[in-house]
>>> print(open('query05.txt').read())   # compact mmCIF, C-alpha atoms and all ligand atoms
# COMPACT_ATOMS: atom_id res chain seq x y z
CA VAL A 1 23.56 -35.51 68.11
CA GLN A 2 20.56 -35.96 65.84
CA ARG A 3 20.95 -34.74 62.27
CA THR A 4 18.09 -32.97 60.53
CA PRO A 5 16.91 -35.11 57.62
CA VAL A 6 17.05 -33.10 54.40
CA ASP A 7 14.98 -35.41 52.26
CA HIS A 8 11.38 -34.17 51.97
CA ASP A 9 9.73 -37.55 52.42
CA LYS A 10 11.94 -38.48 55.37
CA SER A 11 11.17 -35.15 57.00
CA ILE A 12 7.44 -35.77 56.58
CA GLU A 13 7.87 -39.24 58.11
CA ALA A 14 9.73 -37.72 61.07
CA ILE A 15 6.96 -35.16 61.63
CA ARG A 16 4.31 -37.90 61.59
CA THR A 17 6.30 -39.90 64.13
CA PHE A 18 6.50 -36.79 66.27
CA LEU A 19 2.72 -36.23 66.04
CA GLN A 20 2.13 -39.86 66.99
CA SER A 21 4.41 -39.51 70.03
CA LYS A 22 2.64 -36.46 71.49
CA ASP A 23 -0.77 -36.46 73.11
CA CYS A 24 -3.36 -33.79 72.38
CA LEU A 25 -2.89 -32.19 75.76
CA SER A 26 0.76 -31.43 75.09
CA ILE A 27 0.00 -28.75 72.55
CA LEU A 28 -2.12 -26.69 74.89
CA PRO A 29 -0.72 -23.80 76.85
CA VAL A 30 -0.13 -24.58 80.55
CA SER A 31 -2.91 -22.24 81.49
CA SER A 32 -5.61 -20.78 79.29
CA LYS A 33 -9.11 -19.45 79.38
CA MET A 34 -11.91 -21.65 78.12
CA ILE A 35 -15.19 -20.17 76.94
CA VAL A 36 -18.10 -22.62 76.92
CA PHE A 37 -21.68 -21.57 76.17
CA ASP A 38 -24.83 -23.06 77.59
CA THR A 39 -27.19 -23.96 74.74
CA ARG A 40 -29.89 -21.83 76.43
CA LEU A 41 -27.85 -18.64 75.94
CA GLN A 42 -29.07 -16.11 73.36
CA VAL A 43 -27.09 -16.04 70.12
CA ILE A 44 -26.44 -12.29 70.37
CA LYS A 45 -25.00 -12.60 73.88
CA ALA A 46 -22.78 -15.44 72.73
CA LEU A 47 -21.51 -13.37 69.78
CA ASN A 48 -20.67 -10.45 72.02
CA ALA A 49 -18.82 -12.79 74.35
CA LEU A 50 -16.86 -14.27 71.43
CA VAL A 51 -15.79 -10.84 70.26
CA GLN A 52 -14.93 -9.59 73.75
CA ASN A 53 -12.73 -12.61 74.28
CA GLY A 54 -11.08 -12.45 70.88
CA VAL A 55 -12.19 -15.95 69.81
CA VAL A 56 -14.25 -17.10 66.83
CA SER A 57 -15.80 -20.29 68.16
CA ALA A 58 -16.70 -22.04 71.40
CA PRO A 59 -17.97 -25.42 72.59
CA LEU A 60 -21.61 -25.68 73.57
CA TRP A 61 -22.79 -27.32 76.73
CA SER A 62 -26.20 -28.80 77.37
CA SER A 63 -26.83 -28.35 81.08
CA VAL A 64 -30.00 -30.39 80.77
CA GLU A 65 -28.07 -33.44 79.63
CA SER A 66 -24.75 -32.48 81.24
CA LYS A 67 -22.93 -33.06 78.03
CA PHE A 68 -21.05 -31.48 75.18
CA ALA A 69 -23.48 -30.26 72.52
CA GLY A 70 -21.23 -29.39 69.57
CA MET A 71 -19.45 -26.19 68.64
CA LEU A 72 -20.65 -22.70 67.85
CA THR A 73 -18.67 -21.66 64.78
CA ILE A 74 -18.82 -19.01 62.11
CA SER A 75 -20.54 -21.49 59.79
CA ASP A 76 -23.55 -21.25 62.10
CA LEU A 77 -23.61 -17.50 61.58
CA VAL A 78 -23.32 -17.85 57.84
CA HIS A 79 -26.33 -20.18 57.95
CA LEU A 80 -28.22 -17.76 60.16
CA MET A 81 -27.71 -14.93 57.72
CA GLN A 82 -28.80 -17.09 54.81
CA TYR A 83 -31.90 -18.18 56.67
CA TYR A 84 -33.04 -14.66 57.47
CA TYR A 85 -32.22 -13.42 54.03
CA ALA A 86 -34.34 -16.16 52.50
CA THR A 87 -37.27 -16.10 54.89
CA THR A 88 -37.88 -12.59 56.20
CA SER A 89 -39.21 -9.62 54.36
CA SER A 90 -38.27 -7.14 57.04
CA TYR A 91 -34.74 -6.67 58.28
CA GLU A 92 -36.00 -5.17 61.52
CA GLY A 93 -38.10 -8.29 62.06
CA ALA A 94 -35.05 -10.46 61.52
CA ALA A 95 -33.02 -8.46 64.01
CA ASP A 96 -35.80 -8.82 66.61
CA ASP A 97 -35.96 -12.55 66.00
CA VAL A 98 -32.24 -12.93 66.48
CA GLU A 99 -32.52 -11.16 69.84
CA GLN A 100 -34.75 -14.05 70.97
CA LEU A 101 -32.83 -16.86 69.38
CA THR A 102 -30.85 -19.23 71.62
CA LEU A 103 -27.82 -21.27 70.63
CA GLY A 104 -29.95 -24.41 70.86
CA ASN A 105 -32.24 -23.00 68.14
CA LEU A 106 -29.38 -22.87 65.62
CA ARG A 107 -29.81 -26.54 64.79
CA ASP A 108 -33.41 -25.82 63.69
CA ILE A 109 -32.12 -23.13 61.34
CA GLU A 110 -29.74 -25.60 59.76
CA THR A 111 -32.58 -28.05 59.27
CA ALA A 112 -34.73 -25.30 57.75
CA ILE A 113 -32.14 -24.32 55.15
CA GLU A 114 -31.24 -27.96 54.54
CA VAL A 115 -27.56 -27.86 55.37
CA LEU A 116 -25.79 -30.59 57.29
CA PRO A 117 -25.54 -30.13 61.05
CA PRO A 118 -21.99 -29.45 62.23
CA PRO A 119 -19.92 -32.51 63.14
CA LEU A 120 -20.07 -33.62 66.79
CA HIS A 121 -16.64 -35.21 66.93
CA SER A 122 -14.37 -34.98 69.92
CA ILE A 123 -11.24 -36.70 71.21
CA HIS A 124 -9.83 -37.70 74.56
CA PRO A 125 -6.96 -35.37 75.58
CA MET A 126 -4.53 -38.26 76.02
CA ARG A 127 -4.94 -39.63 72.48
CA PRO A 128 -2.07 -39.00 70.02
CA LEU A 129 -2.09 -35.75 68.07
CA LEU A 130 -1.80 -37.67 64.81
CA GLU A 131 -5.15 -39.30 65.52
CA ALA A 132 -6.70 -35.88 66.24
CA CYS A 133 -5.37 -34.62 62.89
CA HIS A 134 -7.01 -37.53 61.07
CA ILE A 135 -10.34 -36.86 62.80
CA LEU A 136 -10.05 -33.15 61.90
CA MET A 137 -9.51 -33.98 58.24
CA THR A 138 -12.11 -36.75 57.96
CA SER A 139 -14.81 -34.69 59.65
CA HIS A 140 -14.00 -31.54 57.62
CA ALA A 141 -14.21 -29.77 60.97
CA ARG A 142 -11.69 -27.05 61.58
CA ARG A 143 -11.67 -27.62 65.31
CA LEU A 144 -11.86 -30.63 67.61
CA PRO A 145 -12.88 -30.40 71.27
CA LEU A 146 -10.81 -32.33 73.81
CA ILE A 147 -13.25 -34.07 76.09
CA ASP A 148 -12.46 -35.95 79.24
CA HIS A 149 -14.87 -37.92 81.36
CA ASP A 150 -15.04 -37.42 85.11
CA ASP A 151 -15.69 -40.92 86.47
CA ARG A 152 -16.66 -39.68 89.93
CA THR A 153 -19.48 -37.46 88.73
CA ASP A 154 -20.06 -39.23 85.40
CA VAL A 155 -19.94 -35.87 83.64
CA GLU A 156 -18.06 -34.87 80.48
CA VAL A 157 -15.43 -32.17 80.82
CA VAL A 158 -14.55 -30.00 77.83
CA LEU A 159 -10.88 -29.23 78.38
CA SER A 160 -9.99 -27.26 75.30
CA VAL A 161 -10.33 -27.12 71.56
CA LEU A 162 -7.71 -28.23 69.08
CA THR A 163 -7.57 -26.28 65.83
CA GLN A 164 -5.71 -26.85 62.57
CA TYR A 165 -3.89 -23.62 63.28
CA ARG A 166 -2.68 -24.78 66.70
CA VAL A 167 -1.43 -28.09 65.33
CA LEU A 168 0.49 -26.45 62.49
CA LYS A 169 1.94 -23.83 64.83
CA PHE A 170 3.02 -26.60 67.21
CA ILE A 171 4.77 -28.43 64.37
CA ALA A 172 6.36 -25.19 63.14
CA MET A 173 7.70 -24.35 66.62
CA ASN A 174 8.80 -27.83 67.69
CA CYS A 175 9.85 -29.86 64.65
CA LYS A 176 13.19 -28.92 63.19
CA GLU A 177 12.38 -31.47 60.48
CA THR A 178 10.24 -28.80 58.82
CA LEU A 179 13.56 -27.40 57.55
CA GLY A 180 13.83 -30.49 55.36
CA LEU A 181 10.54 -29.78 53.54
CA GLN A 182 12.31 -28.36 50.52
CA LYS A 183 9.70 -29.22 47.87
CA THR A 184 7.48 -26.38 46.66
CA LEU A 185 3.73 -25.95 47.13
CA LEU A 186 3.25 -26.34 43.38
CA GLU A 187 5.35 -29.51 43.15
CA LEU A 188 3.43 -31.03 46.05
CA ASN A 189 0.12 -29.82 44.65
CA ILE A 190 -0.76 -28.31 48.02
CA GLY A 191 -3.70 -25.93 47.71
CA THR A 192 -6.34 -25.14 45.10
CA TYR A 193 -5.05 -23.67 41.85
CA ALA A 194 -6.53 -21.62 39.04
CA SER A 195 -6.56 -23.57 35.80
CA ASN A 196 -3.56 -22.80 33.66
CA SER A 197 -5.46 -22.85 30.40
CA ASP A 198 -6.86 -19.29 30.55
CA THR A 199 -7.20 -16.28 32.86
CA SER A 200 -10.70 -17.22 34.10
CA LEU A 201 -9.41 -18.28 37.56
CA GLU A 202 -11.67 -21.37 37.61
CA PRO A 203 -12.12 -23.33 39.93
CA LEU A 204 -11.25 -20.61 42.45
CA ALA A 205 -14.13 -18.75 44.05
CA VAL A 206 -13.32 -15.06 43.76
CA ALA A 207 -15.15 -11.75 44.01
CA THR A 208 -14.60 -8.17 42.93
CA MET A 209 -15.21 -4.97 44.88
CA ASP A 210 -18.67 -4.80 43.23
CA THR A 211 -19.81 -8.33 44.20
CA THR A 212 -22.48 -8.32 46.91
CA VAL A 213 -21.80 -9.70 50.35
CA PHE A 214 -24.77 -12.01 49.76
CA ASP A 215 -23.02 -13.67 46.81
CA VAL A 216 -19.84 -14.15 48.79
CA VAL A 217 -21.64 -15.54 51.85
CA HIS A 218 -23.44 -17.93 49.52
CA GLN A 219 -20.10 -19.14 48.16
CA PHE A 220 -18.80 -19.72 51.70
CA SER A 221 -21.74 -21.95 52.38
CA ALA A 222 -22.12 -23.68 49.01
CA LYS A 223 -18.40 -24.43 48.59
CA GLY A 224 -17.48 -24.97 52.24
CA ILE A 225 -14.69 -22.41 52.09
CA SER A 226 -13.69 -19.75 54.58
CA ALA A 227 -12.31 -16.97 52.39
CA VAL A 228 -12.72 -15.45 48.95
CA PRO A 229 -9.97 -13.37 47.36
CA ILE A 230 -11.04 -10.00 45.99
CA VAL A 231 -9.46 -9.35 42.61
CA ASP A 232 -9.36 -6.49 40.10
CA GLU A 233 -10.05 -6.76 36.32
CA GLU A 234 -6.53 -8.10 35.74
CA GLY A 235 -6.90 -10.80 38.39
CA ALA A 236 -4.55 -9.03 40.83
CA VAL A 237 -5.35 -9.73 44.48
CA ILE A 238 -6.49 -6.58 46.25
CA ASN A 239 -8.10 -8.01 49.39
CA LEU A 240 -9.73 -11.05 50.98
CA TYR A 241 -13.21 -11.45 52.45
CA GLU A 242 -13.34 -14.05 55.21
CA THR A 243 -16.04 -15.86 57.14
CA VAL A 244 -14.85 -14.05 60.29
CA ASP A 245 -15.96 -10.80 58.67
CA VAL A 246 -19.52 -12.10 58.98
CA ILE A 247 -19.37 -11.83 62.79
CA THR A 248 -19.37 -8.04 62.51
CA LEU A 249 -22.42 -8.12 60.27
CA VAL A 250 -24.52 -10.38 62.51
CA ARG A 251 -23.54 -8.56 65.69
CA LEU A 252 -24.59 -5.22 64.29
CA GLY A 253 -27.85 -6.81 63.21
CA SER A 254 -27.01 -5.60 59.73
CA TYR A 255 -29.05 -8.06 57.72
CA GLN A 256 -29.35 -5.46 55.01
CA SER A 257 -25.55 -5.74 54.86
CA LEU A 258 -25.99 -8.73 52.60
CA ASP A 259 -27.07 -6.26 49.92
CA LEU A 260 -23.89 -4.24 50.36
CA THR A 261 -21.02 -4.54 47.94
CA ILE A 262 -17.77 -6.00 49.20
CA SER A 263 -16.24 -2.58 48.79
CA SER A 264 -18.65 -1.02 51.33
CA ALA A 265 -18.42 -4.01 53.67
CA LEU A 266 -14.63 -3.79 53.71
CA ALA A 267 -14.88 -0.12 54.57
CA GLN A 268 -16.59 -1.15 57.85
CA ARG A 269 -13.99 -3.73 58.74
CA SER A 270 -12.07 -3.16 61.96
CA ALA A 271 -8.55 -1.81 61.72
CA GLU A 272 -7.35 -5.04 63.31
CA PHE A 273 -7.53 -6.93 60.00
CA PRO A 274 -4.03 -8.38 59.75
CA GLY A 275 -3.85 -8.17 55.95
CA VAL A 276 -3.62 -10.74 53.21
CA ILE A 277 -0.61 -13.03 53.33
CA THR A 278 0.57 -13.87 49.84
CA CYS A 279 3.26 -16.19 48.56
CA SER A 280 4.52 -17.70 45.33
CA PRO A 281 3.42 -21.22 44.32
CA LYS A 282 7.17 -21.86 44.14
CA GLU A 283 7.55 -21.30 47.88
CA THR A 284 8.95 -24.31 49.72
CA LEU A 285 6.90 -25.95 52.44
CA ALA A 286 9.86 -25.29 54.78
CA ASN A 287 9.42 -21.55 54.25
CA VAL A 288 5.67 -21.81 54.76
CA PHE A 289 6.31 -23.44 58.15
CA SER A 290 8.78 -20.77 59.14
CA LEU A 291 6.11 -18.18 58.29
CA ILE A 292 3.57 -20.08 60.42
CA ALA A 293 6.09 -20.05 63.29
CA LYS A 294 6.29 -16.26 63.09
CA ARG A 295 2.84 -15.08 62.10
CA ARG A 296 -0.79 -15.86 62.65
CA VAL A 297 -1.36 -17.47 59.27
CA HIS A 298 -4.88 -18.69 58.46
CA ARG A 299 -4.35 -19.18 54.74
CA LEU A 300 -1.96 -18.15 52.01
CA VAL A 301 -3.02 -16.53 48.78
CA MET A 302 -0.69 -17.61 45.99
CA VAL A 303 0.16 -15.01 43.38
CA GLU A 304 2.24 -15.09 40.19
CA ASP A 305 5.79 -13.95 40.91
CA GLU A 306 6.42 -12.81 37.34
CA ASP A 307 4.40 -12.22 34.17
CA LYS A 308 3.47 -15.60 32.74
CA THR A 309 2.29 -16.49 29.24
CA LEU A 310 -0.47 -19.10 29.35
CA PRO A 311 -0.77 -21.83 26.68
CA ASN A 312 -3.50 -19.82 24.88
CA GLY A 313 -1.24 -16.77 24.58
CA GLN A 314 -2.95 -14.76 27.36
CA ILE A 315 -0.65 -13.20 29.90
CA ARG A 316 -1.11 -13.56 33.62
CA ARG A 317 0.48 -10.57 35.28
CA LYS A 318 2.85 -10.59 38.20
CA GLY A 319 0.70 -10.31 41.35
CA ALA A 320 -2.28 -12.09 39.75
CA LEU A 321 -4.10 -14.74 41.78
CA VAL A 322 -2.89 -18.29 41.16
CA GLY A 323 -4.37 -20.22 44.06
CA ILE A 324 -5.17 -20.61 47.74
CA VAL A 325 -3.39 -22.67 50.35
CA ALA A 326 -5.71 -23.43 53.26
CA LEU A 327 -4.40 -24.77 56.57
CA SER A 328 -6.27 -27.98 55.87
CA ASP A 329 -4.34 -28.37 52.59
CA ILE A 330 -1.04 -28.21 54.48
CA LEU A 331 -2.19 -30.51 57.27
CA LYS A 332 -3.47 -33.07 54.77
CA HIS A 333 -0.06 -33.23 53.11
CA VAL A 334 1.76 -33.52 56.45
CA ILE A 335 -0.34 -36.40 57.76
CA GLY A 336 -0.76 -38.07 54.37
CA PHE A 337 -4.53 -37.75 54.33
CA LYS A 338 -6.26 -38.68 51.08
CA ASP A 339 -9.69 -37.18 50.67
CA ILE A 340 -11.82 -40.01 49.37
CA SER A 341 -15.05 -37.99 49.54
CA ILE A 342 -13.89 -35.78 46.65
CA ASN A 343 -13.96 -37.44 43.25
P1 LIG B 401 -9.61 -24.61 55.93
O1 LIG B 401 -10.08 -25.94 55.40
O2 LIG B 401 -8.14 -24.62 56.26
O3 LIG B 401 -10.41 -24.09 57.06
P2 LIG B 401 -10.95 -23.35 53.72
O4 LIG B 401 -12.25 -23.74 54.28
O5 LIG B 401 -10.85 -21.93 53.24
O6 LIG B 401 -9.78 -23.53 54.77
O7 LIG B 401 -10.55 -24.32 52.55
C1 LIG B 401 -11.15 -25.56 52.29
C2 LIG B 401 -10.67 -26.08 50.92
O8 LIG B 401 -11.16 -25.22 49.89
C3 LIG B 401 -9.15 -26.10 50.75
O9 LIG B 401 -8.80 -27.24 50.02
C4 LIG B 401 -8.84 -24.85 49.97
O10 LIG B 401 -7.71 -24.98 49.11
C5 LIG B 401 -10.10 -24.64 49.16
N1 LIG B 401 -10.41 -23.20 49.00
C6 LIG B 401 -10.31 -22.23 49.95
N2 LIG B 401 -10.71 -21.04 49.48
C7 LIG B 401 -11.08 -21.25 48.20
C8 LIG B 401 -11.59 -20.40 47.15
N3 LIG B 401 -11.81 -19.10 47.34
N4 LIG B 401 -11.85 -20.97 45.94
C9 LIG B 401 -11.66 -22.30 45.74
N5 LIG B 401 -11.19 -23.14 46.67
C10 LIG B 401 -10.89 -22.64 47.88
>>> encode(input="query05.txt", output="structure tokens")
Amino acid sequence: VQRTPVDHDKSIEAIRTFLQSKDCLSILPVSSKMIVFDTRLQVIKALNALVQNGVVSAPLWSSVESKFAGMLTISDLVHLMQYYYATTSSYEGAADDVEQLTLGNLRDIETAIEVLPPPLHSIHPMRPLLEACHILMTSHARRLPLIDHDDRTDVEVVLSVLTQYRVLKFIAMNCKETLGLQKTLLELNIGTYASNSDTSLEPLAVATMDTTVFDVVHQFSAKGISAVPIVDEEGAVINLYETVDVITLVRLGSYQSLDLTISSALAQRSAEFPGVITCSPKETLANVFSLIAKRRVHRLVMVEDEDKTLPNGQIRRKGALVGIVALSDILKHVIGFKDISIN
């Protein structure tokens, strides 16, 4: 009988060994639907297909070259909105243009607004999961296509896409060692935290109900983040605006939506929004994994669990924003990834 290690570091070691022992294919469901878009497809049609299939990204396929051509992700849509906002005087004109635009044209938009093209990484399905996790973290991509090569036809085959969420869910469901992760988020410094010196919330990117969607979309792009907490005057978290919310805006052709306030944009959000998941910075990583096992967690918003007096005498109220734990923050800790690009 194997005993569950209770020591945090030993548990982490055991999880890494587990990830090294499994191949990428093993985390995929036995049968699943795969949506792949031809780069000649119009952007609007692709967006409708994403929404109808309940997914937020898909691999692209160049039928001219018979090869994988990167991923369509929400970042592309954020860039598209920024481009039209910056370059067109008429919203109707922008909407007409988007009708014509193909997925292949998105790379030109990225060049025009001078942002980096999305990473083109992929991995063979039989490589170890731990290796896939390292590629995910190094490339700052949130998803990694599994690509096989058919030797008979000499054509690439996109089998599926690995996401940070799937990897963490797989660990949460299959590694009892997560029970041994008894250190807290704060102790492990997992996540991005508001400075403790005052109530300004720096370096967190936040918005209020009166901030415009344009400002928030700009923060997504400039800071490479996928959600911004919405806070009130006291810093209490009242909602969250996410990059996925942008899909609704682009689909409706609502380029004028960038002028809307967050408050009006949230009023248009579908009733399917699952809500903001909050936790205390004193939550153990073990509990975070048990939450991931049960719910569809895409990030955790950390809030103060009691009134706290800051060193300058200001008081941060119970329920006030303290930080954000992204899935990448958790995965980095689990695999021991040190981000050398940040200094
Ligand atoms: P993920 O990398 O899991 O897709 P994000 O893109 O939201 O999630 O997060 C990227 C990094 O930015 C993480 O280290 C996270 O802690 C940090 N981060 C996320 N949201 C914010 C925010 N609103 N303000 C400051 N930092 C953030």
>>> closest_residue(input="query05.txt", among="A:Ser139, A:Leu116, A:Leu162, A:Ala132", to="Ala58 (chain A)", atoms="all atoms listed in the file")
A:Leu162
>>> residues_near_ligand(input="query05.txt", ligand="ligand LIG 401 (chain B)", cutoff="8 Å", atoms="all atoms listed in the file", output="CSV table (one decimal) with C-alpha atoms, in the frame of the given file")
chain,number,residue,atom,x,y,z
A,140,HIS,CA,-14.0,-31.5,57.6
A,141,ALA,CA,-14.2,-29.8,61.0
A,142,ARG,CA,-11.7,-27.0,61.6
A,164,GLN,CA,-5.7,-26.8,62.6
A,190,ILE,CA,-0.8,-28.3,48.0
A,191,GLY,CA,-3.7,-25.9,47.7
A,192,THR,CA,-6.3,-25.1,45.1
A,193,TYR,CA,-5.0,-23.7,41.8
A,203,PRO,CA,-12.1,-23.3,39.9
A,204,LEU,CA,-11.2,-20.6,42.4
A,205,ALA,CA,-14.1,-18.8,44.0
A,206,VAL,CA,-13.3,-15.1,43.8
A,223,LYS,CA,-18.4,-24.4,48.6
A,224,GLY,CA,-17.5,-25.0,52.2
A,225,ILE,CA,-14.7,-22.4,52.1
A,226,SER,CA,-13.7,-19.8,54.6
A,227,ALA,CA,-12.3,-17.0,52.4
A,228,VAL,CA,-12.7,-15.4,49.0
A,229,PRO,CA,-10.0,-13.4,47.4
A,298,HIS,CA,-4.9,-18.7,58.5
A,299,ARG,CA,-4.4,-19.2,54.7
A,323,GLY,CA,-4.4,-20.2,44.1
A,324,ILE,CA,-5.2,-20.6,47.7
A,325,VAL,CA,-3.4,-22.7,50.4
A,326,ALA,CA,-5.7,-23.4,53.3
A,327,LEU,CA,-4.4,-24.8,56.6
A,328,SER,CA,-6.3,-28.0,55.9
A,329,ASP,CA,-4.3,-28.4,52.6
>>> residues_around(input="query05.txt", residues="Ile147 (chain A)", least_positions_apart="6", cutoff="6 Å", atoms="only C-alpha atoms", output="list in words")
Ile123, His124, Val157, Val158 and Leu159 of chain A
>>> atom_distance(input="query05.txt", atom1="CA of Asn239 (chain A)", atom2="CA of Gly275 (chain A)")
7.8 Å
>>> closest_atom_pairs(input="query05.txt", of="region 215-273 of chain A", to="region 35-50 of chain A", cutoff="9 Å", atoms="only C-alpha atoms", output="CSV")
residue,atom,partner,partner_atom,distance
A:Ile247,CA,A:Leu47,CA,7.5
A:Val250,CA,A:Ile44,CA,8.3
A:Arg251,CA,A:Leu47,CA,6.6
>>> residues_near_point(input="query05.txt", point="(9.8, -29.8, 46.5)", cutoff="9 Å", atoms="only C-alpha atoms", output="list in words")
His8, Leu181, Gln182, Lys183, Thr184, Leu185, Leu186, Glu187, Leu188, Lys282, Glu283, Thr284 and Leu285 of chain A
>>> write_last_selection(input="query05.txt", atoms="C-alpha atoms", output="mmCIF file, in the coordinates of the input")
data_model
loop_
_atom_site.group_PDB
_atom_site.id
_atom_site.type_symbol
_atom_site.label_atom_id
_atom_site.label_comp_id
_atom_site.auth_asym_id
_atom_site.auth_seq_id
_atom_site.Cartn_x
_atom_site.Cartn_y
_atom_site.Cartn_z
ATOM 1 C CA HIS A 8 11.380 -34.170 51.970
ATOM 2 C CA LEU A 181 10.540 -29.780 53.540
ATOM 3 C CA GLN A 182 12.310 -28.360 50.520
ATOM 4 C CA LYS A 183 9.700 -29.220 47.870
ATOM 5 C CA THR A 184 7.480 -26.380 46.660
ATOM 6 C CA LEU A 185 3.730 -25.950 47.130
ATOM 7 C CA LEU A 186 3.250 -26.340 43.380
ATOM 8 C CA GLU A 187 5.350 -29.510 43.150
ATOM 9 C CA LEU A 188 3.430 -31.030 46.050
ATOM 10 C CA LYS A 282 7.170 -21.860 44.140
ATOM 11 C CA GLU A 283 7.550 -21.300 47.880
ATOM 12 C CA THR A 284 8.950 -24.310 49.720
ATOM 13 C CA LEU A 285 6.900 -25.950 52.440
#
